[in-house]
file target03.txt (compact mmCIF, C-alpha atoms and all ligand atoms)
# COMPACT_ATOMS: atom_id res chain seq x y z
CA MET A 63 0.00 0.00 0.00
CA ARG A 64 1.33 3.45 -0.90
CA ALA A 65 0.45 6.44 1.29
CA SER A 66 1.30 10.07 0.65
CA LEU A 67 1.17 12.47 3.59
CA ILE A 68 0.94 16.07 2.39
CA GLN A 69 2.53 18.26 5.05
CA ILE A 70 1.01 21.59 4.09
CA ALA A 71 2.57 24.92 5.05
CA VAL A 72 -0.16 26.94 6.74
CA ASP A 73 0.98 30.57 6.73
CA GLU A 74 -1.12 33.72 6.97
CA ASP A 75 0.11 35.20 3.68
CA GLU A 76 -2.02 32.73 1.67
CA SER A 77 -5.81 33.03 1.56
CA VAL A 78 -7.99 30.06 2.47
CA THR A 79 -9.40 30.00 -1.08
CA SER A 80 -5.96 29.89 -2.72
CA ARG A 81 -4.72 27.28 -0.27
CA ARG A 82 -7.74 25.09 -0.99
CA GLN A 83 -6.99 25.15 -4.73
CA ARG A 84 -3.26 24.62 -4.20
CA VAL A 85 -3.87 21.62 -1.92
CA ALA A 86 -6.38 20.11 -4.39
CA SER A 87 -3.68 20.26 -7.03
CA LEU A 88 -1.17 18.56 -4.67
CA VAL A 89 -3.75 15.81 -4.04
CA ARG A 90 -4.25 15.32 -7.78
CA ASP A 91 -0.46 14.98 -8.16
CA GLN A 92 -0.64 11.88 -5.91
CA ALA A 93 -2.52 9.75 -8.48
CA GLY A 94 -1.05 6.26 -8.14
CA ALA A 95 -1.03 6.32 -4.34
CA ASP A 96 -3.65 4.28 -2.47
CA LEU A 97 -4.14 6.71 0.39
CA VAL A 98 -3.46 10.45 0.65
CA ILE A 99 -3.52 12.24 4.01
CA LEU A 100 -3.79 15.96 4.81
CA PRO A 101 -3.26 17.66 8.20
CA GLU A 102 -5.64 19.11 10.77
CA LEU A 103 -7.43 22.44 10.10
CA TRP A 104 -5.20 23.28 7.15
CA THR A 105 -7.64 25.88 5.80
CA THR A 106 -7.33 28.17 8.85
CA GLY A 107 -4.43 26.74 10.85
CA ALA A 108 -5.04 24.80 14.07
CA PHE A 109 -3.95 27.73 16.27
CA ALA A 110 -5.78 30.52 14.37
CA TYR A 111 -8.66 30.43 16.82
CA GLU A 112 -10.04 33.81 15.78
CA ASP A 113 -10.57 32.45 12.24
CA PHE A 114 -12.54 29.34 13.20
CA ALA A 115 -15.97 30.98 13.34
CA ARG A 116 -15.38 33.11 10.21
CA GLU A 117 -14.10 30.21 8.10
CA ALA A 118 -16.41 27.53 9.51
CA GLU A 119 -18.28 25.62 6.80
CA PRO A 120 -21.08 23.11 6.67
CA LEU A 121 -19.96 19.50 6.33
CA GLU A 122 -20.69 19.59 2.59
CA GLY A 123 -19.16 23.06 2.15
CA PRO A 124 -16.39 24.36 -0.12
CA THR A 125 -13.59 22.15 1.27
CA TYR A 126 -15.79 19.06 0.96
CA GLU A 127 -16.60 19.89 -2.67
CA VAL A 128 -13.02 20.59 -3.73
CA MET A 129 -11.62 17.56 -1.88
CA ALA A 130 -14.29 15.12 -3.12
CA LYS A 131 -13.38 16.11 -6.67
CA ALA A 132 -9.62 15.92 -5.99
CA ALA A 133 -10.05 12.38 -4.57
CA SER A 134 -11.97 11.21 -7.62
CA ASP A 135 -9.64 12.99 -10.08
CA ALA A 136 -6.65 11.26 -8.46
CA GLY A 137 -8.53 7.96 -7.86
CA VAL A 138 -7.24 7.76 -4.26
CA TRP A 139 -8.64 7.28 -0.79
CA LEU A 140 -8.30 10.74 0.71
CA HIS A 141 -8.20 11.60 4.39
CA ALA A 142 -8.74 15.30 3.71
CA GLY A 143 -7.59 16.42 7.16
CA SER A 144 -10.07 18.42 9.18
CA ILE A 145 -12.23 21.51 8.71
CA PRO A 146 -13.90 23.85 11.15
CA GLU A 147 -17.40 22.44 10.66
CA ARG A 148 -20.51 24.43 11.53
CA ASP A 149 -23.30 22.08 12.52
CA PRO A 150 -26.73 23.22 11.21
CA GLU A 151 -27.79 23.68 14.85
CA GLY A 152 -24.96 26.14 15.54
CA PRO A 153 -21.97 24.51 17.28
CA LEU A 154 -18.56 24.19 15.65
CA TYR A 155 -16.63 20.92 15.41
CA ASN A 156 -13.12 20.03 14.29
CA THR A 157 -14.23 17.50 11.69
CA SER A 158 -12.13 15.17 9.54
CA LEU A 159 -13.41 14.02 6.15
CA VAL A 160 -12.47 10.76 4.43
CA PHE A 161 -13.33 10.27 0.75
CA SER A 162 -13.32 7.13 -1.36
CA PRO A 163 -11.59 7.05 -4.77
CA SER A 164 -14.94 7.81 -6.40
CA GLY A 165 -15.24 11.01 -4.35
CA ASP A 166 -17.95 9.76 -1.98
CA LEU A 167 -17.75 10.63 1.70
CA ALA A 168 -16.68 7.42 3.46
CA ALA A 169 -16.50 8.89 6.99
CA ALA A 170 -16.55 12.07 9.04
CA TYR A 171 -14.88 12.21 12.46
CA ARG A 172 -15.50 15.01 14.97
CA LYS A 173 -12.38 15.43 17.15
CA ILE A 174 -13.07 14.11 20.64
CA HIS A 175 -10.29 15.77 22.68
CA ARG A 176 -10.14 19.54 22.11
CA PHE A 177 -6.88 21.38 22.75
CA GLY A 178 -6.43 24.59 24.75
CA PHE A 179 -7.53 23.77 28.31
CA ASP A 180 -9.84 26.72 29.05
CA LYS A 181 -9.28 28.65 25.82
CA GLY A 182 -8.92 28.33 22.05
CA GLU A 183 -10.27 25.18 20.45
CA ALA A 184 -11.42 23.83 23.84
CA VAL A 185 -13.98 26.60 24.20
CA MET A 186 -14.72 27.40 20.55
CA MET A 187 -15.38 23.87 19.32
CA SER A 188 -17.74 21.21 20.63
CA ALA A 189 -16.44 17.71 21.34
CA GLY A 190 -17.19 14.75 19.11
CA ARG A 191 -18.43 11.60 20.82
CA GLU A 192 -17.97 8.77 18.33
CA LEU A 193 -15.02 6.63 17.35
CA VAL A 194 -14.63 6.26 13.58
CA THR A 195 -13.05 3.49 11.52
CA VAL A 196 -13.02 3.17 7.74
CA ARG A 197 -12.64 -0.09 5.83
CA LEU A 198 -10.22 0.18 2.86
CA PRO A 199 -9.13 -2.69 0.62
CA GLY A 200 -6.36 -4.33 2.68
CA THR A 201 -6.66 -2.43 5.96
CA THR A 202 -9.02 -0.69 8.36
CA LEU A 203 -8.24 2.91 9.24
CA GLY A 204 -8.82 4.26 12.73
CA VAL A 205 -9.02 8.04 12.73
CA ALA A 206 -7.97 10.48 15.44
CA THR A 207 -6.92 14.14 15.39
CA CYS A 208 -3.83 15.86 16.86
CA TYR A 209 -4.35 16.27 20.64
CA ASP A 210 -6.21 12.89 20.58
CA LEU A 211 -2.70 11.39 20.23
CA ARG A 212 -2.23 11.98 23.98
CA PHE A 213 -5.17 9.73 24.91
CA PRO A 214 -4.25 6.05 24.51
CA GLU A 215 -7.72 4.83 25.48
CA LEU A 216 -9.14 6.36 22.29
CA PHE A 217 -6.68 4.34 20.20
CA ARG A 218 -7.46 1.16 22.14
CA GLY A 219 -11.10 1.76 21.30
CA LEU A 220 -10.18 2.06 17.63
CA VAL A 221 -8.20 -1.20 17.79
CA ASP A 222 -11.16 -2.91 19.44
CA ALA A 223 -13.26 -1.66 16.50
CA GLY A 224 -10.84 -3.31 14.06
CA ALA A 225 -8.34 -0.56 13.24
CA GLU A 226 -4.95 -1.63 11.89
CA THR A 227 -3.75 1.68 10.44
CA LEU A 228 -4.10 4.71 12.71
CA VAL A 229 -4.30 8.02 10.84
CA VAL A 230 -3.62 11.22 12.77
CA PRO A 231 -3.86 14.60 11.02
CA ALA A 232 -2.41 17.34 13.21
CA GLY A 233 -1.33 20.94 13.58
CA TRP A 234 1.38 20.24 16.16
CA PRO A 235 3.65 23.05 17.37
CA GLU A 236 7.42 22.94 17.06
CA ARG A 237 7.90 23.52 20.79
CA ARG A 238 6.40 20.09 21.59
CA ARG A 239 7.89 18.17 18.67
CA SER A 240 9.57 15.61 20.92
CA HIS A 241 6.13 14.63 22.30
CA TRP A 242 4.76 14.20 18.75
CA THR A 243 7.40 11.69 17.72
CA LEU A 244 7.34 9.84 21.02
CA LEU A 245 3.54 9.58 21.14
CA ALA A 246 3.29 8.43 17.49
CA GLN A 247 5.76 5.62 18.24
CA ALA A 248 4.03 4.76 21.52
CA ARG A 249 0.59 4.48 19.87
CA ALA A 250 2.12 2.20 17.19
CA VAL A 251 3.93 -0.09 19.64
CA GLU A 252 1.13 -0.46 22.18
CA ASN A 253 -1.51 -1.09 19.52
CA GLN A 254 0.72 -3.09 17.15
CA ALA A 255 -0.57 -0.94 14.32
CA PHE A 256 0.76 1.44 11.67
CA VAL A 257 0.59 5.10 12.64
CA LEU A 258 0.45 7.66 9.81
CA ALA A 259 0.64 11.11 11.39
CA CYS A 260 0.49 14.16 9.12
CA GLY A 261 1.31 17.60 10.54
CA THR A 262 1.56 21.11 9.17
CA ALA A 263 4.57 23.26 8.33
CA GLY A 264 4.79 27.06 8.38
CA THR A 265 3.78 29.55 11.08
CA HIS A 266 0.30 30.85 11.84
CA ALA A 267 -1.01 32.81 14.83
CA ARG A 268 2.68 33.19 15.81
CA VAL A 269 2.94 29.42 16.41
CA PRO A 270 5.73 27.73 14.41
CA GLN A 271 4.57 24.29 13.33
CA ALA A 272 6.62 21.15 13.85
CA GLY A 273 6.20 19.48 10.47
CA HIS A 274 7.99 16.14 10.90
CA SER A 275 5.05 14.06 9.68
CA ILE A 276 5.86 10.49 10.52
CA VAL A 277 5.00 6.91 9.56
CA VAL A 278 5.63 4.24 12.20
CA ASP A 279 5.28 0.47 11.76
CA PRO A 280 3.61 -1.97 14.22
CA TRP A 281 7.01 -2.66 15.83
CA GLY A 282 7.50 1.05 16.56
CA GLU A 283 10.14 1.60 13.86
CA VAL A 284 9.99 4.87 11.96
CA LEU A 285 9.49 4.06 8.26
CA ALA A 286 9.61 7.67 7.08
CA GLU A 287 9.78 11.13 8.59
CA ALA A 288 9.45 14.55 6.98
CA GLY A 289 11.53 17.64 7.70
CA ALA A 290 10.15 20.95 8.94
CA GLU A 291 9.05 22.46 5.60
CA GLU A 292 6.12 21.75 3.28
CA GLN A 293 6.69 18.29 1.85
CA VAL A 294 4.96 15.23 0.44
CA LEU A 295 6.08 12.17 2.41
CA THR A 296 5.44 8.99 0.42
CA VAL A 297 5.81 5.56 1.94
CA ASP A 298 5.10 1.99 0.86
CA PHE A 299 3.98 -0.35 3.62
CA ASP A 300 2.52 -3.83 3.97
CA PRO A 301 -0.70 -3.73 6.03
CA GLY A 302 -0.34 -7.50 6.50
CA ARG A 303 2.45 -6.77 9.02
CA VAL A 304 -0.17 -5.86 11.61
CA ALA A 305 -1.53 -9.42 11.67
CA THR A 306 1.95 -10.99 11.70
CA THR A 307 3.19 -8.69 14.49
CA ARG A 308 0.09 -9.41 16.60
CA GLU A 309 0.54 -13.14 15.98
CA LEU A 310 4.30 -13.34 16.68
CA PHE A 311 4.19 -11.07 19.75
CA PRO A 312 0.59 -11.42 20.99
CA ALA A 313 0.68 -8.74 23.72
CA LEU A 314 -2.80 -7.49 22.84
CA LYS A 315 -4.16 -10.90 23.86
CA ASP A 316 -2.78 -10.40 27.39
CA ARG A 317 -4.98 -7.42 28.15
CA VAL A 318 -6.67 -7.74 31.51
CA LEU A 319 -8.68 -4.49 31.75
N1 LIG B 401 -4.23 21.17 17.59
C1 LIG B 401 -3.91 20.42 18.62
O1 LIG B 401 -4.63 19.52 19.00
C2 LIG B 401 -2.60 20.75 19.29
C3 LIG B 401 -2.16 19.70 20.26
C4 LIG B 401 -0.90 20.08 20.96
O2 LIG B 401 -0.32 21.12 20.72
C5 LIG B 401 -0.36 19.15 21.98
O3 LIG B 401 -1.00 18.14 22.28
O4 LIG B 401 0.74 19.43 22.49

call {"tool": "encode", "arguments": {"input": "target03.txt", "output": "structure tokens"}}
result
Amino acid sequence: MRASLIQIAVDEDESVTSRRQRVASLVRDQAGADLVILPELWTTGAFAYEDFAREAEPLEGPTYEVMAKAASDAGVWLHAGSIPERDPEGPLYNTSLVFSPSGDLAAAYRKIHRFGFDKGEAVMMSAGRELVTVRLPGTTLGVATCYDLRFPELFRGLVDAGAETLVVPAGWPERRRSHWTLLAQARAVENQAFVLACGTAGTHARVPQAGHSIVVDPWGEVLAEAGAEEQVLTVDFDPGRVATTRELFPALKDRVL
């Protein structure tokens, strides 16, 4: 299976509309991959809290339309990262969209753990409640978003629901980059699953982004890692390694709680 993680630079000198078109073109360039992954809140930037309400869109809004078409043009499964979604009843959610190669919406995931403690996303967005998995030919994706990476119980829930490839779009800041890498490897090792974690580059709201998107195998080895700048990280991996790792080192079977 070939995955391309598009580590988008989210800077304030580019409008949301231009970035949407530019990213659609990058997705189309990935024709031939099986799965393409974008980061969290790449239209606004994950730390541009003041822009969330202004740029919020309905689920089937402009980003949905452009990304559905990009997925079908490229013929790829597309985890289109997340958007600030405005629910018809008013609240905002940090919502990830997954499209099939025909451009149909396969899943939407509303981020469960919101970042910011008593400010920012934690007060501006509502919390999702449901775990989401997506069946692809050859593997089952479990989806989580950025700060979710700090909550192992969410990932265990995804594994219990059949996930073998854990996909984590993020807007992770440079100042906590060591946590990003460590947590991605920890989630892979403890769940004996692939972790494909796609971050942003650039600087928005005065927060330099870590980049360093990373792909980790079920043994915790790093298969590929990006640098700090905008980059497409392409990796070939064998989803069958999840079953063999779980069979040869059956730690998941020893769970007590
Ligand atoms: N957008 C986020 O969820 C940021 C998370 C973060 O900065 C951290 O967990 O550290």

call {"tool": "closest_residue", "arguments": {"input": "target03.txt", "among": "A:Ala225, A:Ala142, A:Ala267, A:Val284", "to": "Leu244 of chain A", "atoms": "all atoms listed in the file"}}
result
A:Val284

call {"tool": "residues_near_ligand", "arguments": {"input": "target03.txt", "ligand": "ligand LIG 401 (chain B)", "cutoff": "8 Å", "atoms": "only C-alpha atoms and all ligand atoms", "output": "list of chain:residue names"}}
result
A:Glu102, A:Ala108, A:Phe109, A:His175, A:Arg176, A:Phe177, A:Gly178, A:Glu183, A:Thr207, A:Cys208, A:Tyr209, A:Asp210, A:Leu211, A:Arg212, A:Ala232, A:Gly233, A:Trp234, A:Pro235, A:Arg238, A:His241, A:Trp242

call {"tool": "axis_aligned_box", "arguments": {"input": "target03.txt", "around": "segment 111-116 of chain A", "padding_each_side": "3 Å", "output": "AutoDock Vina command-line options"}}
result
--center_x -12.3 --center_y 31.6 --center_z 13.5 --size_x 13.3 --size_y 10.5 --size_z 12.6

call {"tool": "atom_distance", "arguments": {"input": "target03.txt", "atom1": "atom CA of Glu283 of chain A", "atom2": "atom CA of Ala71 of chain A"}}
result
26.1 Å

call {"tool": "residues_around", "arguments": {"input": "target03.txt", "residues": "Leu100 of chain A", "least_positions_apart": "2", "cutoff": "9 Å", "atoms": "only C-alpha atoms", "output": "ChimeraX atom specification"}}
result
/A:66-70,85,89,98,102,104,140-144,231-232,260-262

call {"tool": "atom_distance", "arguments": {"input": "target03.txt", "atom1": "atom CA of Glu287 of chain A", "atom2": "atom CA of Ala246 of chain A"}}
result
11.3 Å

call {"tool": "residues_around", "arguments": {"input": "target03.txt", "residues": "Arg191 of chain A", "least_positions_apart": "5", "cutoff": "10 Å", "atoms": "only C-alpha atoms", "output": "number ranges by chain"}}
result
A: 171-175

call {"tool": "atom_distance", "arguments": {"input": "target03.txt", "atom1": "atom CA of Gly273 of chain A", "atom2": "atom CA of Ile145 of chain A"}}
result
18.6 Å

call {"tool": "residues_around", "arguments": {"input": "target03.txt", "residues": "Ser164 of chain A", "least_positions_apart": "3", "cutoff": "7 Å", "atoms": "all atoms listed in the file", "output": "NGL selection string"}}
result
:A and (133-134 or 137)

call {"tool": "closest_residue", "arguments": {"input": "target03.txt", "among": "A:Ile99, A:Ala136, A:Val277, A:Leu319", "to": "Pro163 of chain A", "atoms": "all atoms listed in the file"}}
result
A:Ala136

call {"tool": "residues_around", "arguments": {"input": "target03.txt", "residues": "segment 301-317 of chain A", "least_positions_apart": "3", "cutoff": "9 Å", "atoms": "only C-alpha atoms", "output": "compact mmCIF listing (two decimals) with C-alpha atoms, in the coordinates of the input"}}
result
# COMPACT_ATOMS: atom_id res chain seq x y z
CA MET A 63 0.00 0.00 0.00
CA GLY A 200 -6.36 -4.33 2.68
CA THR A 201 -6.66 -2.43 5.96
CA GLU A 226 -4.95 -1.63 11.89
CA THR A 227 -3.75 1.68 10.44
CA GLU A 252 1.13 -0.46 22.18
CA ASN A 253 -1.51 -1.09 19.52
CA GLN A 254 0.72 -3.09 17.15
CA ALA A 255 -0.57 -0.94 14.32
CA PHE A 256 0.76 1.44 11.67
CA ASP A 279 5.28 0.47 11.76
CA PRO A 280 3.61 -1.97 14.22
CA TRP A 281 7.01 -2.66 15.83

call {"tool": "closest_residue", "arguments": {"input": "target03.txt", "among": "A:Asp91, A:Asp135, A:Val278, A:Ala272", "to": "Ala248 of chain A", "atoms": "only C-alpha atoms"}}
result
A:Val278

call {"tool": "residues_around", "arguments": {"input": "target03.txt", "residues": "segment 213-216 of chain A", "least_positions_apart": "4", "cutoff": "8 Å", "atoms": "all atoms listed in the file", "output": "list in words"}}
result
Leu193, Tyr209, Leu220 and Arg249 of chain A
